[in-house]
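A.B. asks: File run_12.cif follows (mmCIF, N, CA and C atoms; chains and numbers go by the auth columns):
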data_start
loop_
_atom_site.group_PDB
_atom_site.id
_atom_site.type_symbol
_atom_site.label_atom_id
_atom_site.label_comp_id
_atom_site.label_asym_id
_atom_site.label_seq_id
_atom_site.Cartn_x
_atom_site.Cartn_y
_atom_site.Cartn_z
_atom_site.B_iso_or_equiv
_atom_site.auth_seq_id
_atom_site.auth_asym_id
ATOM 1 N N MET A 1 0.839 -1.174 0.000 0.00 55 A
ATOM 2 C CA MET A 1 0.000 0.000 0.000 0.00 55 A
ATOM 3 C C MET A 1 0.883 1.236 0.000 0.00 55 A
ATOM 4 N N ALA A 2 0.532 2.200 -0.806 0.00 56 A
ATOM 5 C CA ALA A 2 1.288 3.443 -0.917 0.00 56 A
ATOM 6 C C ALA A 2 1.032 4.347 0.288 0.00 56 A
ATOM 7 N N SER A 3 2.063 5.103 0.643 0.00 57 A
ATOM 8 C CA SER A 3 1.955 6.087 1.712 0.00 57 A
ATOM 9 C C SER A 3 2.256 7.465 1.149 0.00 57 A
ATOM 10 N N VAL A 4 1.428 8.442 1.501 0.00 58 A
ATOM 11 C CA VAL A 4 1.682 9.818 1.088 0.00 58 A
ATOM 12 C C VAL A 4 2.749 10.385 2.015 0.00 58 A
ATOM 13 N N ILE A 5 3.880 10.839 1.422 0.00 59 A
ATOM 14 C CA ILE A 5 4.951 11.375 2.255 0.00 59 A
ATOM 15 C C ILE A 5 5.062 12.893 2.166 0.00 59 A
ATOM 16 N N TRP A 6 4.405 13.485 1.170 0.00 60 A
ATOM 17 C CA TRP A 6 4.361 14.942 1.073 0.00 60 A
ATOM 18 C C TRP A 6 3.206 15.336 0.175 0.00 60 A
ATOM 19 N N THR A 7 2.538 16.428 0.515 0.00 61 A
ATOM 20 C CA THR A 7 1.499 16.995 -0.337 0.00 61 A
ATOM 21 C C THR A 7 1.557 18.513 -0.218 0.00 61 A
ATOM 22 N N GLY A 8 1.276 19.194 -1.325 0.00 62 A
ATOM 23 C CA GLY A 8 1.316 20.645 -1.293 0.00 62 A
ATOM 24 C C GLY A 8 0.945 21.258 -2.625 0.00 62 A
ATOM 25 N N ALA A 9 0.761 22.567 -2.608 0.00 63 A
ATOM 26 C CA ALA A 9 0.391 23.316 -3.808 0.00 63 A
ATOM 27 C C ALA A 9 1.625 23.993 -4.386 0.00 63 A
ATOM 28 N N ILE A 10 1.811 23.838 -5.700 0.00 64 A
ATOM 29 C CA ILE A 10 2.926 24.457 -6.420 0.00 64 A
ATOM 30 C C ILE A 10 2.400 24.933 -7.761 0.00 64 A
ATOM 31 N N GLU A 11 2.703 26.178 -8.096 0.00 65 A
ATOM 32 C CA GLU A 11 2.319 26.750 -9.384 0.00 65 A
ATOM 33 C C GLU A 11 0.825 26.558 -9.680 0.00 65 A
ATOM 34 N N GLY A 12 -0.008 26.680 -8.646 0.00 66 A
ATOM 35 C CA GLY A 12 -1.459 26.602 -8.824 0.00 66 A
ATOM 36 C C GLY A 12 -2.026 25.196 -8.929 0.00 66 A
ATOM 37 N N ASN A 13 -1.203 24.178 -8.722 0.00 67 A
ATOM 38 C CA ASN A 13 -1.664 22.786 -8.766 0.00 67 A
ATOM 39 C C ASN A 13 -1.328 22.079 -7.461 0.00 67 A
ATOM 40 N N ASN A 14 -2.118 21.069 -7.113 0.00 68 A
ATOM 41 C CA ASN A 14 -1.844 20.258 -5.932 0.00 68 A
ATOM 42 C C ASN A 14 -1.043 19.034 -6.350 0.00 68 A
ATOM 43 N N PHE A 15 0.034 18.771 -5.600 0.00 69 A
ATOM 44 C CA PHE A 15 0.902 17.632 -5.868 0.00 69 A
ATOM 45 C C PHE A 15 1.010 16.783 -4.611 0.00 69 A
ATOM 46 N N ARG A 16 1.388 15.516 -4.812 0.00 70 A
ATOM 47 C CA ARG A 16 1.730 14.667 -3.679 0.00 70 A
ATOM 48 C C ARG A 16 2.826 13.710 -4.114 0.00 70 A
ATOM 49 N N VAL A 17 3.649 13.312 -3.147 0.00 71 A
ATOM 50 C CA VAL A 17 4.702 12.338 -3.379 0.00 71 A
ATOM 51 C C VAL A 17 4.320 11.093 -2.604 0.00 71 A
ATOM 52 N N LEU A 18 4.329 9.954 -3.311 0.00 72 A
ATOM 53 C CA LEU A 18 3.959 8.681 -2.706 0.00 72 A
ATOM 54 C C LEU A 18 5.169 7.780 -2.562 0.00 72 A
ATOM 55 N N ASP A 19 5.222 7.043 -1.449 0.00 73 A
ATOM 56 C CA ASP A 19 6.190 5.967 -1.255 0.00 73 A
ATOM 57 C C ASP A 19 5.432 4.685 -1.559 0.00 73 A
ATOM 58 N N LEU A 20 5.778 4.023 -2.654 0.00 74 A
ATOM 59 C CA LEU A 20 5.059 2.834 -3.092 0.00 74 A
ATOM 60 C C LEU A 20 5.525 1.561 -2.396 0.00 74 A
ATOM 61 N N GLY A 21 6.585 1.638 -1.614 0.00 75 A
ATOM 62 C CA GLY A 21 7.076 0.482 -0.873 0.00 75 A
ATOM 63 C C GLY A 21 8.342 -0.104 -1.465 0.00 75 A
ATOM 64 N N VAL A 22 9.004 -0.957 -0.690 0.00 76 A
ATOM 65 C CA VAL A 22 10.312 -1.488 -1.078 0.00 76 A
ATOM 66 C C VAL A 22 10.249 -2.439 -2.266 0.00 76 A
ATOM 67 N N ALA A 23 9.104 -3.051 -2.532 0.00 77 A
ATOM 68 C CA ALA A 23 8.998 -4.032 -3.615 0.00 77 A
ATOM 69 C C ALA A 23 8.774 -3.388 -4.985 0.00 77 A
ATOM 70 N N VAL A 24 8.677 -2.068 -5.044 0.00 78 A
ATOM 71 C CA VAL A 24 8.366 -1.370 -6.297 0.00 78 A
ATOM 72 C C VAL A 24 9.570 -0.549 -6.747 0.00 78 A
ATOM 73 N N ASN A 25 9.820 -0.547 -8.044 0.00 79 A
ATOM 74 C CA ASN A 25 10.902 0.254 -8.597 0.00 79 A
ATOM 75 C C ASN A 25 10.365 1.047 -9.776 0.00 79 A
ATOM 76 N N PRO A 26 10.378 2.370 -9.789 0.00 80 A
ATOM 77 C CA PRO A 26 10.915 3.236 -8.745 0.00 80 A
ATOM 78 C C PRO A 26 9.975 3.301 -7.532 0.00 80 A
ATOM 79 N N ARG A 27 10.567 3.535 -6.397 0.00 81 A
ATOM 80 C CA ARG A 27 9.809 3.525 -5.146 0.00 81 A
ATOM 81 C C ARG A 27 8.959 4.768 -4.946 0.00 81 A
ATOM 82 N N LEU A 28 9.455 5.935 -5.372 0.00 82 A
ATOM 83 C CA LEU A 28 8.727 7.187 -5.185 0.00 82 A
ATOM 84 C C LEU A 28 8.014 7.588 -6.466 0.00 82 A
ATOM 85 N N GLU A 29 6.820 8.146 -6.311 0.00 83 A
ATOM 86 C CA GLU A 29 6.032 8.609 -7.452 0.00 83 A
ATOM 87 C C GLU A 29 5.420 9.957 -7.119 0.00 83 A
ATOM 88 N N VAL A 30 5.436 10.866 -8.082 0.00 84 A
ATOM 89 C CA VAL A 30 4.814 12.179 -7.926 0.00 84 A
ATOM 90 C C VAL A 30 3.507 12.172 -8.697 0.00 84 A
ATOM 91 N N GLU A 31 2.449 12.678 -8.073 0.00 85 A
ATOM 92 C CA GLU A 31 1.141 12.755 -8.710 0.00 85 A
ATOM 93 C C GLU A 31 0.611 14.181 -8.652 0.00 85 A
ATOM 94 N N ILE A 32 -0.197 14.533 -9.644 0.00 86 A
ATOM 95 C CA ILE A 32 -0.852 15.833 -9.709 0.00 86 A
ATOM 96 C C ILE A 32 -2.353 15.613 -9.602 0.00 86 A
ATOM 97 N N GLN A 33 -3.027 16.503 -8.884 0.00 87 A
ATOM 98 C CA GLN A 33 -4.474 16.378 -8.735 0.00 87 A
ATOM 99 C C GLN A 33 -5.158 16.892 -9.997 0.00 87 A
ATOM 100 N N LEU A 34 -6.109 16.110 -10.490 0.00 88 A
ATOM 101 C CA LEU A 34 -6.828 16.444 -11.715 0.00 88 A
ATOM 102 C C LEU A 34 -7.956 17.434 -11.441 0.00 88 A
ATOM 103 N N GLN A 35 -8.451 18.048 -12.493 0.00 89 A
ATOM 104 C CA GLN A 35 -9.601 18.944 -12.390 0.00 89 A
ATOM 105 C C GLN A 35 -10.840 18.129 -12.037 0.00 89 A
ATOM 106 N N PRO A 36 -11.837 18.730 -11.398 0.00 90 A
ATOM 107 C CA PRO A 36 -13.047 18.002 -11.032 0.00 90 A
ATOM 108 C C PRO A 36 -13.753 17.435 -12.270 0.00 90 A
ATOM 109 N N ASP A 37 -14.289 16.223 -12.123 0.00 91 A
ATOM 110 C CA ASP A 37 -15.070 15.642 -13.211 0.00 91 A
ATOM 111 C C ASP A 37 -16.514 16.130 -13.106 0.00 91 A
ATOM 112 N N GLY A 38 -17.413 15.562 -13.880 0.00 92 A
ATOM 113 C CA GLY A 38 -18.804 16.001 -13.907 0.00 92 A
ATOM 114 C C GLY A 38 -19.515 15.878 -12.572 0.00 92 A
ATOM 115 N N MET A 39 -19.055 14.971 -11.730 0.00 93 A
ATOM 116 C CA MET A 39 -19.668 14.772 -10.414 0.00 93 A
ATOM 117 C C MET A 39 -18.926 15.533 -9.309 0.00 93 A
ATOM 118 N N GLY A 40 -17.850 16.235 -9.677 0.00 94 A
ATOM 119 C CA GLY A 40 -17.097 17.016 -8.707 0.00 94 A
ATOM 120 C C GLY A 40 -15.938 16.283 -8.061 0.00 94 A
ATOM 121 N N ALA A 41 -15.740 15.006 -8.422 0.00 95 A
ATOM 122 C CA ALA A 41 -14.632 14.231 -7.850 0.00 95 A
ATOM 123 C C ALA A 41 -13.313 14.657 -8.478 0.00 95 A
ATOM 124 N N ARG A 42 -12.258 14.641 -7.681 0.00 96 A
ATOM 125 C CA ARG A 42 -10.926 15.015 -8.168 0.00 96 A
ATOM 126 C C ARG A 42 -9.980 13.847 -7.961 0.00 96 A
ATOM 127 N N GLY A 43 -9.535 13.260 -9.037 0.00 97 A
ATOM 128 C CA GLY A 43 -8.597 12.144 -8.960 0.00 97 A
ATOM 129 C C GLY A 43 -7.153 12.627 -9.031 0.00 97 A
ATOM 130 N N TRP A 44 -6.245 11.671 -9.090 0.00 98 A
ATOM 131 C CA TRP A 44 -4.815 11.951 -9.162 0.00 98 A
ATOM 132 C C TRP A 44 -4.236 11.225 -10.369 0.00 98 A
ATOM 133 N N SER A 45 -3.189 11.794 -10.956 0.00 99 A
ATOM 134 C CA SER A 45 -2.521 11.200 -12.104 0.00 99 A
ATOM 135 C C SER A 45 -1.016 11.311 -11.917 0.00 99 A
ATOM 136 N N ARG A 46 -0.296 10.306 -12.400 0.00 100 A
ATOM 137 C CA ARG A 46 1.167 10.333 -12.321 0.00 100 A
ATOM 138 C C ARG A 46 1.692 11.558 -13.062 0.00 100 A
ATOM 139 N N PHE A 47 2.672 12.232 -12.473 0.00 101 A
ATOM 140 C CA PHE A 47 3.251 13.445 -13.041 0.00 101 A
ATOM 141 C C PHE A 47 4.696 13.149 -13.412 0.00 101 A
ATOM 142 N N ASP A 48 4.917 12.862 -14.699 0.00 102 A
ATOM 143 C CA ASP A 48 6.239 12.473 -15.146 0.00 102 A
ATOM 144 C C ASP A 48 6.394 12.842 -16.604 0.00 102 A
ATOM 145 N N PRO A 49 7.419 13.509 -17.026 0.00 103 A
ATOM 146 C CA PRO A 49 8.577 13.939 -16.245 0.00 103 A
ATOM 147 C C PRO A 49 8.266 15.192 -15.426 0.00 103 A
ATOM 148 N N ILE A 50 9.044 15.393 -14.387 0.00 104 A
ATOM 149 C CA ILE A 50 8.845 16.531 -13.495 0.00 104 A
ATOM 150 C C ILE A 50 9.721 17.692 -13.969 0.00 104 A
ATOM 151 N N PRO A 51 9.121 18.832 -14.340 0.00 105 A
ATOM 152 C CA PRO A 51 9.928 19.991 -14.742 0.00 105 A
ATOM 153 C C PRO A 51 10.816 20.469 -13.592 0.00 105 A
ATOM 154 N N THR A 52 11.958 20.992 -13.926 0.00 106 A
ATOM 155 C CA THR A 52 12.910 21.468 -12.922 0.00 106 A
ATOM 156 C C THR A 52 12.285 22.486 -11.979 0.00 106 A
ATOM 157 N N SER A 53 11.455 23.394 -12.501 0.00 107 A
ATOM 158 C CA SER A 53 10.846 24.419 -11.647 0.00 107 A
ATOM 159 C C SER A 53 9.927 23.799 -10.594 0.00 107 A
ATOM 160 N N VAL A 54 9.178 22.768 -10.970 0.00 108 A
ATOM 161 C CA VAL A 54 8.285 22.089 -10.016 0.00 108 A
ATOM 162 C C VAL A 54 9.104 21.310 -8.998 0.00 108 A
ATOM 163 N N PHE A 55 10.132 20.596 -9.453 0.00 109 A
ATOM 164 C CA PHE A 55 10.967 19.823 -8.544 0.00 109 A
ATOM 165 C C PHE A 55 11.647 20.730 -7.528 0.00 109 A
ATOM 166 N N SER A 56 12.179 21.850 -7.989 0.00 110 A
ATOM 167 C CA SER A 56 12.828 22.809 -7.086 0.00 110 A
ATOM 168 C C SER A 56 11.841 23.351 -6.061 0.00 110 A
ATOM 169 N N ALA A 57 10.636 23.701 -6.511 0.00 111 A
ATOM 170 C CA ALA A 57 9.610 24.216 -5.594 0.00 111 A
ATOM 171 C C ALA A 57 9.199 23.159 -4.577 0.00 111 A
ATOM 172 N N MET A 58 9.147 21.890 -4.974 0.00 112 A
ATOM 173 C CA MET A 58 8.818 20.806 -4.034 0.00 112 A
ATOM 174 C C MET A 58 9.881 20.693 -2.953 0.00 112 A
ATOM 175 N N LEU A 59 11.149 20.774 -3.343 0.00 113 A
ATOM 176 C CA LEU A 59 12.232 20.687 -2.362 0.00 113 A
ATOM 177 C C LEU A 59 12.163 21.825 -1.355 0.00 113 A
ATOM 178 N N VAL A 60 11.859 23.023 -1.813 0.00 114 A
ATOM 179 C CA VAL A 60 11.736 24.176 -0.918 0.00 114 A
ATOM 180 C C VAL A 60 10.516 23.999 -0.018 0.00 114 A
ATOM 181 N N ALA A 61 9.359 23.632 -0.594 0.00 115 A
ATOM 182 C CA ALA A 61 8.120 23.483 0.182 0.00 115 A
ATOM 183 C C ALA A 61 8.224 22.376 1.223 0.00 115 A
ATOM 184 N N ALA A 62 8.987 21.327 0.919 0.00 116 A
ATOM 185 C CA ALA A 62 9.148 20.217 1.857 0.00 116 A
ATOM 186 C C ALA A 62 10.208 20.505 2.917 0.00 116 A
ATOM 187 N N GLY A 63 10.929 21.629 2.775 0.00 117 A
ATOM 188 C CA GLY A 63 11.935 21.988 3.760 0.00 117 A
ATOM 189 C C GLY A 63 13.271 21.292 3.553 0.00 117 A
ATOM 190 N N VAL A 64 13.455 20.680 2.381 0.00 118 A
ATOM 191 C CA VAL A 64 14.718 19.985 2.104 0.00 118 A
ATOM 192 C C VAL A 64 15.821 20.987 1.836 0.00 118 A
ATOM 193 N N VAL A 65 15.491 22.060 1.108 0.00 119 A
ATOM 194 C CA VAL A 65 16.448 23.155 0.851 0.00 119 A
ATOM 195 C C VAL A 65 15.761 24.471 1.179 0.00 119 A
ATOM 196 N N HIS A 66 16.551 25.505 1.347 0.00 120 A
ATOM 197 C CA HIS A 66 15.993 26.827 1.695 0.00 120 A
ATOM 198 C C HIS A 66 16.206 27.806 0.595 0.00 120 A
#
What is this file in structure tokens?

C.D. replies:
Amino acid sequence: MASVIWTGAIEGNNFRVLDLGVAVNPRLEVEIQLQPDGMGARGWSRFDPIPTSVFSAMLVAAGVVH
């Protein structure tokens, strides 16, 4: 089962980083929240490749770099 290890808003979109567990390669996955569908539900989709600007903003937002 995947665990959410970080979630936050960057450049007007919601992102989350998942730890998929030791048996999965690659172990970490970045997802972006989709726009609401006709019923108002908001799903998630894999976000790959990650632009440098988004990756840098994630590192700052997560407190990894200042």

A.B. asks: Would you pick out the contacts of Gly97 of chain A at 10 Å or less, using only C-alpha atoms, so that residues sharing its chain but fewer than 6 positions from it are not included, and give the list as a ChimeraX atom specification?

C.D. replies: /A:85-91

A.B. asks: I'd like the contact shell of Asp73 of chain A - 6 Å cut-off, only N, CA and C atoms, skipping same-chain residues fewer than 5 positions apart - returned as a ChimeraX atom specification.

C.D. replies: /A:55-59,81-83

A.B. asks: Might you pull out every residue within 12 Å of Ile64 of chain A, with only C-alpha atoms counted and same-chain residues fewer than 6 positions away left off, and present them as an NGL selection string?

C.D. replies: :A and (70 or 86-87 or 105 or 107-116)

A.B. asks: Pick out each residue of chain A that DSSP on the backbone tags as strand (DSSP E); I need them as a list in words.

C.D. replies: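 Across chain A, those assigned strand (DSSP E) are Ser57, Val58, Ile59, Trp60, Thr61, Gly62, Ala63, Ile64, Asn67, Asn68, Phe69, Arg70, Val71, Leu72, Asp73, Leu82, Glu83, Val84, Glu85, Ile86, Gln87, Trp98, Ser99 and Arg100 of chain A.
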
A.B. asks: Just asking: which residues within segment 63-116 of chain A are helix (DSSP H, G or I) according to DSSP, as a count of residues only?

C.D. replies: 10

A.B. asks: When you draw a straight line from atom CA of Phe69 of chain A to atom CA of Gly94 of chain A, how long is it in Å?

C.D. replies: 18.2 Å

A.B. asks: Could you check how far atom CA of Asn79 of chain A sits from atom CA of Val118 of chain A, in Å to one decimal?

C.D. replies: 22.8 Å

A.B. asks: Quick one, how far is atom CA of Gly66 of chain A from atom CA of Arg100 of chain A?

C.D. replies: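 If I compute the distance from atom CA of Gly66 of chain A to atom CA of Arg100 of chain A, I get 16.8 Å.
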